[in-house]
Each structure stands twice: as structure tokens, then as C-alpha cells.
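**Student:** Coordinates in my_file_14.txt, compact mmCIF, N, CA and C atoms, are listed below.
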```
# COMPACT_ATOMS: atom_id res chain seq x y z
N ALA A 1 0.33 -37.63 15.14
CA ALA A 1 1.62 -36.97 15.09
C ALA A 1 2.46 -37.56 13.96
N ASN A 2 2.45 -38.88 13.85
CA ASN A 2 3.25 -39.51 12.79
C ASN A 2 2.75 -39.12 11.40
N ALA A 3 1.43 -38.99 11.24
CA ALA A 3 0.88 -38.58 9.95
C ALA A 3 1.33 -37.16 9.61
N ASN A 4 1.36 -36.29 10.61
CA ASN A 4 1.82 -34.92 10.38
C ASN A 4 3.30 -34.90 9.98
N LEU A 5 4.11 -35.68 10.68
CA LEU A 5 5.53 -35.74 10.34
C LEU A 5 5.76 -36.28 8.93
N LYS A 6 4.92 -37.22 8.53
CA LYS A 6 5.02 -37.78 7.18
C LYS A 6 4.76 -36.68 6.13
N ILE A 7 3.74 -35.87 6.37
CA ILE A 7 3.42 -34.76 5.46
C ILE A 7 4.58 -33.76 5.42
N VAL A 8 5.13 -33.44 6.58
CA VAL A 8 6.26 -32.51 6.64
C VAL A 8 7.41 -33.03 5.79
N GLU A 9 7.70 -34.31 5.89
CA GLU A 9 8.79 -34.91 5.10
C GLU A 9 8.43 -34.98 3.62
N GLU A 10 7.25 -35.47 3.30
CA GLU A 10 6.87 -35.65 1.90
C GLU A 10 6.80 -34.33 1.14
N GLU A 11 6.31 -33.29 1.78
CA GLU A 11 6.19 -31.99 1.13
C GLU A 11 7.42 -31.11 1.34
N ASP A 12 8.41 -31.64 2.03
CA ASP A 12 9.67 -30.94 2.31
C ASP A 12 9.40 -29.53 2.84
N LEU A 13 8.56 -29.46 3.85
CA LEU A 13 8.17 -28.17 4.41
C LEU A 13 9.34 -27.39 5.03
N PRO A 14 10.33 -28.04 5.63
CA PRO A 14 11.47 -27.25 6.12
C PRO A 14 12.20 -26.51 5.00
N ALA A 15 12.34 -27.13 3.84
CA ALA A 15 13.00 -26.44 2.72
C ALA A 15 12.15 -25.28 2.24
N ASN A 16 10.84 -25.46 2.18
CA ASN A 16 9.97 -24.36 1.77
C ASN A 16 10.02 -23.23 2.79
N ALA A 17 10.05 -23.57 4.06
CA ALA A 17 10.12 -22.54 5.11
C ALA A 17 11.41 -21.74 4.98
N ALA A 18 12.52 -22.40 4.68
CA ALA A 18 13.79 -21.71 4.52
C ALA A 18 13.75 -20.79 3.30
N LYS A 19 13.27 -21.32 2.18
CA LYS A 19 13.23 -20.54 0.94
C LYS A 19 12.28 -19.35 1.06
N GLN A 20 11.05 -19.60 1.47
CA GLN A 20 10.07 -18.52 1.59
C GLN A 20 10.42 -17.57 2.73
N GLY A 21 11.04 -18.11 3.79
CA GLY A 21 11.47 -17.26 4.89
C GLY A 21 12.51 -16.24 4.45
N ASP A 22 13.46 -16.68 3.63
CA ASP A 22 14.45 -15.75 3.09
C ASP A 22 13.79 -14.68 2.23
N TYR A 23 12.84 -15.12 1.40
CA TYR A 23 12.12 -14.19 0.52
C TYR A 23 11.32 -13.18 1.36
N PHE A 24 10.61 -13.68 2.37
CA PHE A 24 9.78 -12.81 3.21
C PHE A 24 10.65 -11.86 4.03
N LEU A 25 11.76 -12.36 4.56
CA LEU A 25 12.67 -11.51 5.33
C LEU A 25 13.21 -10.38 4.46
N ALA A 26 13.55 -10.68 3.22
CA ALA A 26 14.01 -9.64 2.29
C ALA A 26 12.92 -8.58 2.09
N GLY A 27 11.67 -9.02 1.99
CA GLY A 27 10.55 -8.09 1.85
C GLY A 27 10.38 -7.21 3.08
N LEU A 28 10.53 -7.81 4.27
CA LEU A 28 10.43 -7.02 5.51
C LEU A 28 11.59 -6.03 5.62
N LYS A 29 12.77 -6.43 5.18
CA LYS A 29 13.92 -5.51 5.22
C LYS A 29 13.70 -4.35 4.26
N ASP A 30 13.01 -4.60 3.17
CA ASP A 30 12.65 -3.52 2.25
C ASP A 30 11.67 -2.55 2.94
N LEU A 31 10.71 -3.09 3.71
CA LEU A 31 9.80 -2.22 4.48
C LEU A 31 10.61 -1.38 5.47
N HIS A 32 11.61 -1.99 6.08
CA HIS A 32 12.46 -1.30 7.05
C HIS A 32 13.10 -0.07 6.41
N LYS A 33 13.54 -0.20 5.17
CA LYS A 33 14.16 0.93 4.47
C LYS A 33 13.17 2.06 4.22
N ARG A 34 11.90 1.72 4.04
CA ARG A 34 10.90 2.72 3.63
C ARG A 34 10.09 3.33 4.77
N HIS A 35 10.13 2.74 5.95
CA HIS A 35 9.26 3.22 7.04
C HIS A 35 10.08 3.62 8.26
N LYS A 36 9.86 4.86 8.70
CA LYS A 36 10.64 5.38 9.82
C LYS A 36 10.29 4.73 11.16
N ALA A 37 9.16 4.06 11.24
CA ALA A 37 8.75 3.44 12.50
C ALA A 37 9.32 2.03 12.68
N ILE A 38 10.05 1.53 11.69
CA ILE A 38 10.64 0.20 11.81
C ILE A 38 12.11 0.35 12.17
N GLY A 39 12.46 -0.11 13.35
CA GLY A 39 13.83 0.01 13.83
C GLY A 39 14.71 -1.17 13.48
N ASP A 40 14.12 -2.35 13.42
CA ASP A 40 14.91 -3.56 13.14
C ASP A 40 13.99 -4.64 12.61
N VAL A 41 14.57 -5.52 11.82
CA VAL A 41 13.87 -6.69 11.30
C VAL A 41 14.81 -7.86 11.49
N ARG A 42 14.30 -8.97 12.02
CA ARG A 42 15.15 -10.14 12.19
C ARG A 42 14.32 -11.41 12.21
N GLY A 43 14.98 -12.50 12.08
CA GLY A 43 14.31 -13.79 12.14
C GLY A 43 14.94 -14.79 11.20
N LYS A 44 14.32 -15.96 11.18
CA LYS A 44 14.81 -17.04 10.34
C LYS A 44 13.63 -17.93 9.99
N GLY A 45 13.63 -18.39 8.75
CA GLY A 45 12.55 -19.27 8.33
C GLY A 45 11.22 -18.55 8.43
N MET A 46 10.27 -19.17 9.07
CA MET A 46 8.92 -18.61 9.16
C MET A 46 8.63 -17.98 10.52
N LEU A 47 9.66 -17.51 11.20
CA LEU A 47 9.47 -16.79 12.45
C LEU A 47 10.29 -15.50 12.36
N LEU A 48 9.57 -14.39 12.12
CA LEU A 48 10.22 -13.11 11.85
C LEU A 48 9.66 -12.03 12.77
N ALA A 49 10.53 -11.09 13.16
CA ALA A 49 10.11 -10.05 14.09
C ALA A 49 10.50 -8.68 13.56
N VAL A 50 9.64 -7.69 13.87
CA VAL A 50 9.84 -6.31 13.44
C VAL A 50 9.71 -5.42 14.67
N GLU A 51 10.74 -4.59 14.89
CA GLU A 51 10.73 -3.65 16.01
C GLU A 51 10.09 -2.34 15.57
N ILE A 52 9.20 -1.82 16.42
CA ILE A 52 8.52 -0.55 16.16
C ILE A 52 9.17 0.51 17.05
N VAL A 53 9.60 1.62 16.44
CA VAL A 53 10.34 2.65 17.18
C VAL A 53 9.82 4.05 16.87
N ALA A 54 10.23 4.99 17.71
CA ALA A 54 9.91 6.40 17.48
C ALA A 54 10.88 7.02 16.49
N ASP A 55 12.14 6.60 16.55
CA ASP A 55 13.18 7.15 15.70
C ASP A 55 14.05 6.02 15.17
N LYS A 56 14.01 5.83 13.88
CA LYS A 56 14.74 4.74 13.24
C LYS A 56 16.25 4.84 13.47
N LYS A 57 16.81 6.05 13.37
CA LYS A 57 18.26 6.22 13.48
C LYS A 57 18.77 5.91 14.87
N THR A 58 18.07 6.39 15.88
CA THR A 58 18.52 6.16 17.26
C THR A 58 17.88 4.92 17.88
N ARG A 59 16.85 4.42 17.21
CA ARG A 59 16.02 3.30 17.70
C ARG A 59 15.39 3.63 19.06
N GLN A 60 15.08 4.92 19.23
CA GLN A 60 14.38 5.36 20.43
C GLN A 60 13.01 4.68 20.48
N MET A 61 12.68 4.18 21.66
CA MET A 61 11.40 3.50 21.82
C MET A 61 10.25 4.49 21.85
N LEU A 62 9.11 4.01 21.44
CA LEU A 62 7.88 4.79 21.57
C LEU A 62 7.39 4.70 23.01
N PRO A 63 6.72 5.74 23.49
CA PRO A 63 6.18 5.69 24.86
C PRO A 63 5.19 4.54 25.01
N GLY A 64 5.31 3.83 26.10
CA GLY A 64 4.43 2.69 26.35
C GLY A 64 2.96 3.06 26.39
N GLU A 65 2.65 4.29 26.85
CA GLU A 65 1.24 4.69 26.95
C GLU A 65 0.57 4.81 25.58
N LEU A 66 1.36 4.90 24.51
CA LEU A 66 0.78 4.91 23.16
C LEU A 66 0.32 3.51 22.73
N LYS A 67 0.79 2.51 23.44
CA LYS A 67 0.47 1.11 23.15
C LYS A 67 0.69 0.78 21.67
N PRO A 68 1.91 1.04 21.18
CA PRO A 68 2.17 0.82 19.75
C PRO A 68 1.98 -0.63 19.31
N SER A 69 2.36 -1.57 20.14
CA SER A 69 2.17 -2.98 19.76
C SER A 69 0.70 -3.30 19.58
N GLU A 70 -0.11 -2.80 20.48
CA GLU A 70 -1.56 -3.04 20.40
C GLU A 70 -2.16 -2.36 19.18
N ARG A 71 -1.69 -1.14 18.86
CA ARG A 71 -2.20 -0.43 17.68
C ARG A 71 -1.84 -1.19 16.40
N ILE A 72 -0.62 -1.68 16.31
CA ILE A 72 -0.21 -2.45 15.12
C ILE A 72 -1.06 -3.71 15.00
N ARG A 73 -1.33 -4.38 16.12
CA ARG A 73 -2.15 -5.59 16.09
C ARG A 73 -3.54 -5.29 15.55
N ILE A 74 -4.15 -4.23 16.05
CA ILE A 74 -5.50 -3.85 15.62
C ILE A 74 -5.51 -3.44 14.15
N LEU A 75 -4.53 -2.65 13.75
CA LEU A 75 -4.45 -2.24 12.35
C LEU A 75 -4.22 -3.45 11.44
N GLY A 76 -3.42 -4.39 11.92
CA GLY A 76 -3.21 -5.61 11.15
C GLY A 76 -4.51 -6.35 10.92
N LEU A 77 -5.31 -6.50 11.97
CA LEU A 77 -6.60 -7.18 11.82
C LEU A 77 -7.49 -6.45 10.82
N LYS A 78 -7.49 -5.11 10.87
CA LYS A 78 -8.29 -4.34 9.92
C LYS A 78 -7.82 -4.55 8.48
N ASN A 79 -6.52 -4.86 8.33
CA ASN A 79 -5.96 -5.08 7.00
C ASN A 79 -5.87 -6.55 6.63
N GLY A 80 -6.49 -7.40 7.42
CA GLY A 80 -6.56 -8.82 7.09
C GLY A 80 -5.31 -9.62 7.38
N VAL A 81 -4.51 -9.17 8.34
CA VAL A 81 -3.32 -9.93 8.72
C VAL A 81 -3.26 -10.00 10.25
N MET A 82 -2.96 -11.18 10.73
CA MET A 82 -2.86 -11.37 12.18
C MET A 82 -1.40 -11.28 12.58
N LEU A 83 -1.06 -10.23 13.31
CA LEU A 83 0.30 -10.00 13.76
C LEU A 83 0.37 -10.28 15.26
N TYR A 84 1.34 -11.06 15.64
CA TYR A 84 1.57 -11.32 17.06
C TYR A 84 2.41 -10.16 17.58
N THR A 85 1.92 -9.46 18.57
CA THR A 85 2.63 -8.29 19.07
C THR A 85 3.03 -8.48 20.53
N ARG A 86 4.08 -7.72 20.89
CA ARG A 86 4.50 -7.77 22.28
C ARG A 86 5.31 -6.54 22.63
N ALA A 87 5.14 -6.13 23.84
CA ALA A 87 5.96 -5.08 24.42
C ALA A 87 6.87 -5.79 25.42
N SER A 88 8.09 -6.02 25.05
CA SER A 88 9.02 -6.84 25.83
C SER A 88 9.23 -6.29 27.24
N ALA A 89 9.10 -7.15 28.22
CA ALA A 89 9.37 -6.84 29.62
C ALA A 89 8.72 -5.53 30.04
N GLY A 90 7.43 -5.40 29.78
CA GLY A 90 6.71 -4.19 30.17
C GLY A 90 7.24 -2.96 29.46
N CYS A 91 7.61 -3.10 28.21
CA CYS A 91 8.13 -2.04 27.34
C CYS A 91 9.60 -1.72 27.58
N LYS A 92 10.25 -2.42 28.48
CA LYS A 92 11.65 -2.15 28.78
C LYS A 92 12.56 -2.39 27.57
N PHE A 93 12.22 -3.37 26.75
CA PHE A 93 13.05 -3.72 25.59
C PHE A 93 12.36 -3.44 24.27
N GLY A 94 11.37 -2.59 24.28
CA GLY A 94 10.77 -2.14 23.04
C GLY A 94 9.46 -2.81 22.68
N HIS A 95 8.99 -2.45 21.51
CA HIS A 95 7.71 -2.91 20.98
C HIS A 95 7.97 -3.68 19.69
N TRP A 96 7.35 -4.82 19.56
CA TRP A 96 7.61 -5.71 18.44
C TRP A 96 6.32 -6.26 17.87
N PHE A 97 6.37 -6.63 16.60
CA PHE A 97 5.35 -7.53 16.08
C PHE A 97 6.06 -8.65 15.35
N MET A 98 5.43 -9.80 15.40
CA MET A 98 6.03 -10.98 14.80
C MET A 98 5.10 -11.52 13.72
N VAL A 99 5.73 -12.09 12.70
CA VAL A 99 5.00 -12.70 11.60
C VAL A 99 5.48 -14.14 11.51
N SER A 100 4.55 -15.06 11.53
CA SER A 100 4.89 -16.47 11.46
C SER A 100 3.94 -17.19 10.52
N PRO A 101 4.17 -17.06 9.21
CA PRO A 101 3.28 -17.69 8.24
C PRO A 101 3.40 -19.21 8.29
N PRO A 102 2.46 -19.90 7.68
CA PRO A 102 2.52 -21.36 7.65
C PRO A 102 3.71 -21.84 6.82
N LEU A 103 4.18 -23.03 7.13
CA LEU A 103 5.32 -23.61 6.41
C LEU A 103 5.00 -23.87 4.94
N THR A 104 3.73 -23.87 4.60
CA THR A 104 3.29 -24.16 3.23
C THR A 104 3.14 -22.91 2.37
N ILE A 105 3.48 -21.75 2.89
CA ILE A 105 3.25 -20.50 2.17
C ILE A 105 3.99 -20.47 0.83
N THR A 106 3.38 -19.81 -0.14
CA THR A 106 3.98 -19.66 -1.47
C THR A 106 4.53 -18.25 -1.62
N GLU A 107 5.29 -18.01 -2.67
CA GLU A 107 5.84 -16.68 -2.91
C GLU A 107 4.71 -15.66 -3.13
N ASP A 108 3.69 -16.05 -3.88
CA ASP A 108 2.55 -15.14 -4.10
C ASP A 108 1.86 -14.80 -2.77
N GLU A 109 1.72 -15.79 -1.91
CA GLU A 109 1.11 -15.54 -0.60
C GLU A 109 2.02 -14.66 0.26
N CYS A 110 3.34 -14.83 0.14
CA CYS A 110 4.27 -13.94 0.85
C CYS A 110 4.07 -12.50 0.39
N ASP A 111 3.92 -12.31 -0.93
CA ASP A 111 3.71 -10.97 -1.46
C ASP A 111 2.44 -10.34 -0.89
N GLU A 112 1.38 -11.13 -0.79
CA GLU A 112 0.12 -10.61 -0.24
C GLU A 112 0.27 -10.30 1.25
N LEU A 113 0.95 -11.15 1.97
CA LEU A 113 1.19 -10.92 3.40
C LEU A 113 2.05 -9.67 3.60
N LEU A 114 3.04 -9.49 2.76
CA LEU A 114 3.87 -8.28 2.84
C LEU A 114 3.04 -7.04 2.54
N ARG A 115 2.17 -7.12 1.55
CA ARG A 115 1.32 -5.98 1.20
C ARG A 115 0.44 -5.59 2.39
N ARG A 116 -0.17 -6.56 3.02
CA ARG A 116 -1.05 -6.27 4.16
C ARG A 116 -0.26 -5.78 5.37
N THR A 117 0.93 -6.33 5.56
CA THR A 117 1.78 -5.88 6.67
C THR A 117 2.22 -4.45 6.43
N GLU A 118 2.63 -4.14 5.20
CA GLU A 118 3.04 -2.77 4.91
C GLU A 118 1.89 -1.79 5.09
N LYS A 119 0.71 -2.16 4.69
CA LYS A 119 -0.46 -1.29 4.88
C LYS A 119 -0.66 -1.01 6.36
N SER A 120 -0.50 -2.03 7.18
CA SER A 120 -0.66 -1.86 8.63
C SER A 120 0.39 -0.92 9.19
N VAL A 121 1.64 -1.08 8.75
CA VAL A 121 2.72 -0.19 9.21
C VAL A 121 2.46 1.23 8.71
N SER A 122 2.04 1.38 7.47
CA SER A 122 1.74 2.72 6.92
C SER A 122 0.62 3.39 7.71
N ASP A 123 -0.42 2.63 8.01
CA ASP A 123 -1.53 3.17 8.81
C ASP A 123 -1.04 3.60 10.18
N PHE A 124 -0.15 2.81 10.78
CA PHE A 124 0.40 3.14 12.09
C PHE A 124 1.22 4.43 12.00
N CYS A 125 2.04 4.56 10.97
CA CYS A 125 2.85 5.78 10.79
C CYS A 125 1.96 7.01 10.63
N GLN A 126 0.84 6.86 9.93
CA GLN A 126 -0.11 7.96 9.78
C GLN A 126 -0.70 8.35 11.14
N GLU A 127 -1.00 7.35 11.96
CA GLU A 127 -1.53 7.63 13.30
C GLU A 127 -0.49 8.41 14.11
N LEU A 128 0.77 7.97 14.03
CA LEU A 128 1.83 8.66 14.77
C LEU A 128 1.97 10.10 14.30
N ALA A 129 1.89 10.32 13.00
CA ALA A 129 2.02 11.67 12.45
C ALA A 129 0.90 12.58 12.96
N ARG A 130 -0.29 12.03 13.11
CA ARG A 130 -1.42 12.83 13.62
C ARG A 130 -1.21 13.23 15.07
N LEU A 131 -0.46 12.43 15.83
CA LEU A 131 -0.21 12.72 17.24
C LEU A 131 0.83 13.84 17.42
N ASN A 132 1.66 14.02 16.42
CA ASN A 132 2.73 15.04 16.52
C ASN A 132 2.27 16.39 16.05
```
Please express what this file holds, its structure, as C-alpha cells.

**Tutor:**
Amino acid sequence: ANANLKIVEEEDLPANAAKQGDYFLAGLKDLHKRHKAIGDVRGKGMLLAVEIVADKKTRQMLPGELKPSERIRILGLKNGVMLYTRASAGCKFGHWFMVSPPLTITEDECDELLRRTEKSVSDFCQELARLN
């Protein structure tokens, strides 16, 4: 544990997490502007969350039987990104996916993670369009 803490201090990982977290959050907010299935983006540092909705303007939730969180998780894996997903309180509070990159992430790696995350969201939106 002490060796790990020494690395955290020597490499100033909290500062990198803050800097890259701001950069990554800005990228996720840009996705929010471009995708109708993203209702909200929030977080700090390297713990960020994205809400998946049926209607961006009203933030109407998607039906639980569609299992949107599970679909995003599977699409993420197909696109090479591991997204932590959850349907809060049995879907009572919506569907979310979370992104928590390592504290050592670089700006270039953030760009790649954003690219893969956007591909997953785009694929999900295409699936939703086919259902309508």
C-alpha cells in the first residue's frame, strides 16, 4: 500500500485525474449535444456518468424491458470499451453508464476512449431507431 501511495504522489496522479477528467467530461458533454439518447452527463475527475434516455428534451426514461443499460454495456464491449452500467433502483431513476479511466490516462487515450464510447452510443441509437 505504501509503495502504491508513493507512486501516486511521485507521478502526481490526482492532478492528472483532475486535468484529464475535465478534458474527458468536456468530450462527453460534446457527445451529449450530438446524441438524442444522452439525457445528462456528470462527474468529476475520473468518475463520470452518462444517462441514457428515450427523449433528451423531457429526459423520459426508456422502458426497462429494452434493457438499455445492458445493451450499451454489450455494445461497448464490441467497440473495445468497458462501460459500467446500471439501471438505478430497478429502473426507477433511469439508465446510466459510467466511465472510470485509470488515473494515468493521457489526452490521446481520452480521445480514443471517447471515440469508442461515441461509437457505442451511436450503435445504441441505431438499435433504438430500428425498434421505432

**Student:** Restricting the calculation to only N, CA and C atoms: of A:Leu131, A:Cys110, A:Met82, A:Ile74, which residue gets closest to Tyr23 in chain A?

**Tutor:**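 Nearest to Tyr23 in chain A: A:Cys110.
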
**Student:** Run DSSP on the backbone and tell me which residues of range 14-120 of chain A come out as strand (DSSP E or B); list them as a short mmCIF file (atom, residue, chain, number, x, y, z; two decimals) with N, CA and C atoms, in the frame of the given file.

**Tutor:**
```
data_model
loop_
_atom_site.label_atom_id
_atom_site.label_comp_id
_atom_site.auth_asym_id
_atom_site.auth_seq_id
_atom_site.Cartn_x
_atom_site.Cartn_y
_atom_site.Cartn_z
N ILE A 38 10.05 1.53 11.69
CA ILE A 38 10.64 0.20 11.81
C ILE A 38 12.11 0.35 12.17
N GLY A 39 12.46 -0.11 13.35
CA GLY A 39 13.83 0.01 13.83
C GLY A 39 14.71 -1.17 13.48
N ASP A 40 14.12 -2.35 13.42
CA ASP A 40 14.91 -3.56 13.14
C ASP A 40 13.99 -4.64 12.61
N VAL A 41 14.57 -5.52 11.82
CA VAL A 41 13.87 -6.69 11.30
C VAL A 41 14.81 -7.86 11.49
N ARG A 42 14.30 -8.97 12.02
CA ARG A 42 15.15 -10.14 12.19
C ARG A 42 14.32 -11.41 12.21
N GLY A 43 14.98 -12.50 12.08
CA GLY A 43 14.31 -13.79 12.14
C GLY A 43 14.94 -14.79 11.20
N LYS A 44 14.32 -15.96 11.18
CA LYS A 44 14.81 -17.04 10.34
C LYS A 44 13.63 -17.93 9.99
N LEU A 47 9.66 -17.51 11.20
CA LEU A 47 9.47 -16.79 12.45
C LEU A 47 10.29 -15.50 12.36
N LEU A 48 9.57 -14.39 12.12
CA LEU A 48 10.22 -13.11 11.85
C LEU A 48 9.66 -12.03 12.77
N ALA A 49 10.53 -11.09 13.16
CA ALA A 49 10.11 -10.05 14.09
C ALA A 49 10.50 -8.68 13.56
N VAL A 50 9.64 -7.69 13.87
CA VAL A 50 9.84 -6.31 13.44
C VAL A 50 9.71 -5.42 14.67
N GLU A 51 10.74 -4.59 14.89
CA GLU A 51 10.73 -3.65 16.01
C GLU A 51 10.09 -2.34 15.57
N ILE A 52 9.20 -1.82 16.42
CA ILE A 52 8.52 -0.55 16.16
C ILE A 52 9.17 0.51 17.05
N ASP A 55 12.14 6.60 16.55
CA ASP A 55 13.18 7.15 15.70
C ASP A 55 14.05 6.02 15.17
N GLN A 60 15.08 4.92 19.23
CA GLN A 60 14.38 5.36 20.43
C GLN A 60 13.01 4.68 20.48
N TYR A 84 1.34 -11.06 15.64
CA TYR A 84 1.57 -11.32 17.06
C TYR A 84 2.41 -10.16 17.58
N THR A 85 1.92 -9.46 18.57
CA THR A 85 2.63 -8.29 19.07
C THR A 85 3.03 -8.48 20.53
N ARG A 86 4.08 -7.72 20.89
CA ARG A 86 4.50 -7.77 22.28
C ARG A 86 5.31 -6.54 22.63
N ALA A 87 5.14 -6.13 23.84
CA ALA A 87 5.96 -5.08 24.42
C ALA A 87 6.87 -5.79 25.42
N HIS A 95 8.99 -2.45 21.51
CA HIS A 95 7.71 -2.91 20.98
C HIS A 95 7.97 -3.68 19.69
N TRP A 96 7.35 -4.82 19.56
CA TRP A 96 7.61 -5.71 18.44
C TRP A 96 6.32 -6.26 17.87
N PHE A 97 6.37 -6.63 16.60
CA PHE A 97 5.35 -7.53 16.08
C PHE A 97 6.06 -8.65 15.35
N MET A 98 5.43 -9.80 15.40
CA MET A 98 6.03 -10.98 14.80
C MET A 98 5.10 -11.52 13.72
N VAL A 99 5.73 -12.09 12.70
CA VAL A 99 5.00 -12.70 11.60
C VAL A 99 5.48 -14.14 11.51
#
```

**Student:** Would you please give, as a ChimeraX atom specification, all residues of chain A that DSSP assigns to helix (DSSP H, G or I) based on the backbone?

**Tutor:** /A:2-10,13-34,64-66,68-78,107-131

**Student:** From the options A:Arg71, A:Phe124, A:Lys57, A:Gly43, which residue's atoms come nearest to Gly21 in chain A, counting only C-alpha atoms?

**Tutor:** A:Gly43

**Student:** Work out how far apart CA of Asp123 in chain A and atom C of Val41 in chain A are and give it in Å to one decimal.

**Tutor:**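 Between CA of Asp123 in chain A and atom C of Val41 in chain A the gap works out to 19.9 Å.
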
**Student:** In the coordinates of the file, take the point (12.3, 3.1, 15.2) and a cut-off of 7 Å; then, counting only N, CA and C atoms, name each qualifying protein, DNA or RNA residue as a list in words.

**Tutor:**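 Residues found, by chain and rising number: Lys36, Ala37, Ile38, Gly39, Asp40, Glu51, Ile52, Val53, Ala54, Asp55, Lys56, Lys57, Thr58, Arg59, Gln60 and Met61 of chain A.
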
**Student:** Write out as number ranges by chain the residues lying within 8 Å of Arg116 in chain A, counting all atoms listed in the file and excluding same-chain residues fewer than 5 positions away.

**Tutor:** A: 75-76, 79-81, 110-111, 121-122

**Student:** Using only C-alpha atoms, what residues lie at most 12 Å away from (10.9, -11.2, -2.0) (file coordinates), given as a list in words?

**Tutor:**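 The residues near that point, listed by chain and number, are Lys19, Gln20, Gly21, Asp22, Tyr23, Phe24, Leu25, Ala26, Gly27, Leu28, Lys29, Asp30, Leu31, Thr106, Glu107, Asp108, Glu109, Cys110, Asp111, Glu112, Leu113, Leu114 and Arg115 of chain A.
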
**Student:** So how many Å separate atom C of Thr85 in chain A and atom N of Lys33 in chain A, to one decimal?

**Tutor:**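 Here the two named atoms are 20.4 Å from each other.
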
**Student:** Using all atoms listed in the file, which of A:His95, A:Arg130, A:Lys44, A:Lys67 sits nearest Ala18 in chain A?

**Tutor:** A:Lys44

**Student:** Please indicate the distance in Å from CA of Glu127 in chain A to CA of Arg34 in chain A, rounded to one decimal place.

**Tutor:**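 Distance reported for this atom pair: 16.5 Å.
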
**Student:** A:Ala49, A:Leu103, A:Ala1, A:Ile72: which is nearest Ala15 in chain A, counting all atoms listed in the file?

**Tutor:**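 Checking each of A:Ala49, A:Leu103, A:Ala1, A:Ile72 against Ala15 in chain A, counting all atoms listed in the file, the winner is A:Leu103.
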
**Student:** Kindly indicate which residue among A:Val99, A:Leu83, A:Leu13, A:Leu128 lies nearest to Met46 in chain A, using only N, CA and C atoms for the distances.

**Tutor:** A:Val99

**Student:** Give the answer as one residue: which of A:Trp96, A:Thr104, A:Thr117, A:Gln126 has the shortest atom-to-atom distance to Glu11 in chain A, using only C-alpha atoms?

**Tutor:**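 Going through A:Trp96, A:Thr104, A:Thr117, A:Gln126 one by one, the smallest distance to Glu11 in chain A is for A:Thr104.
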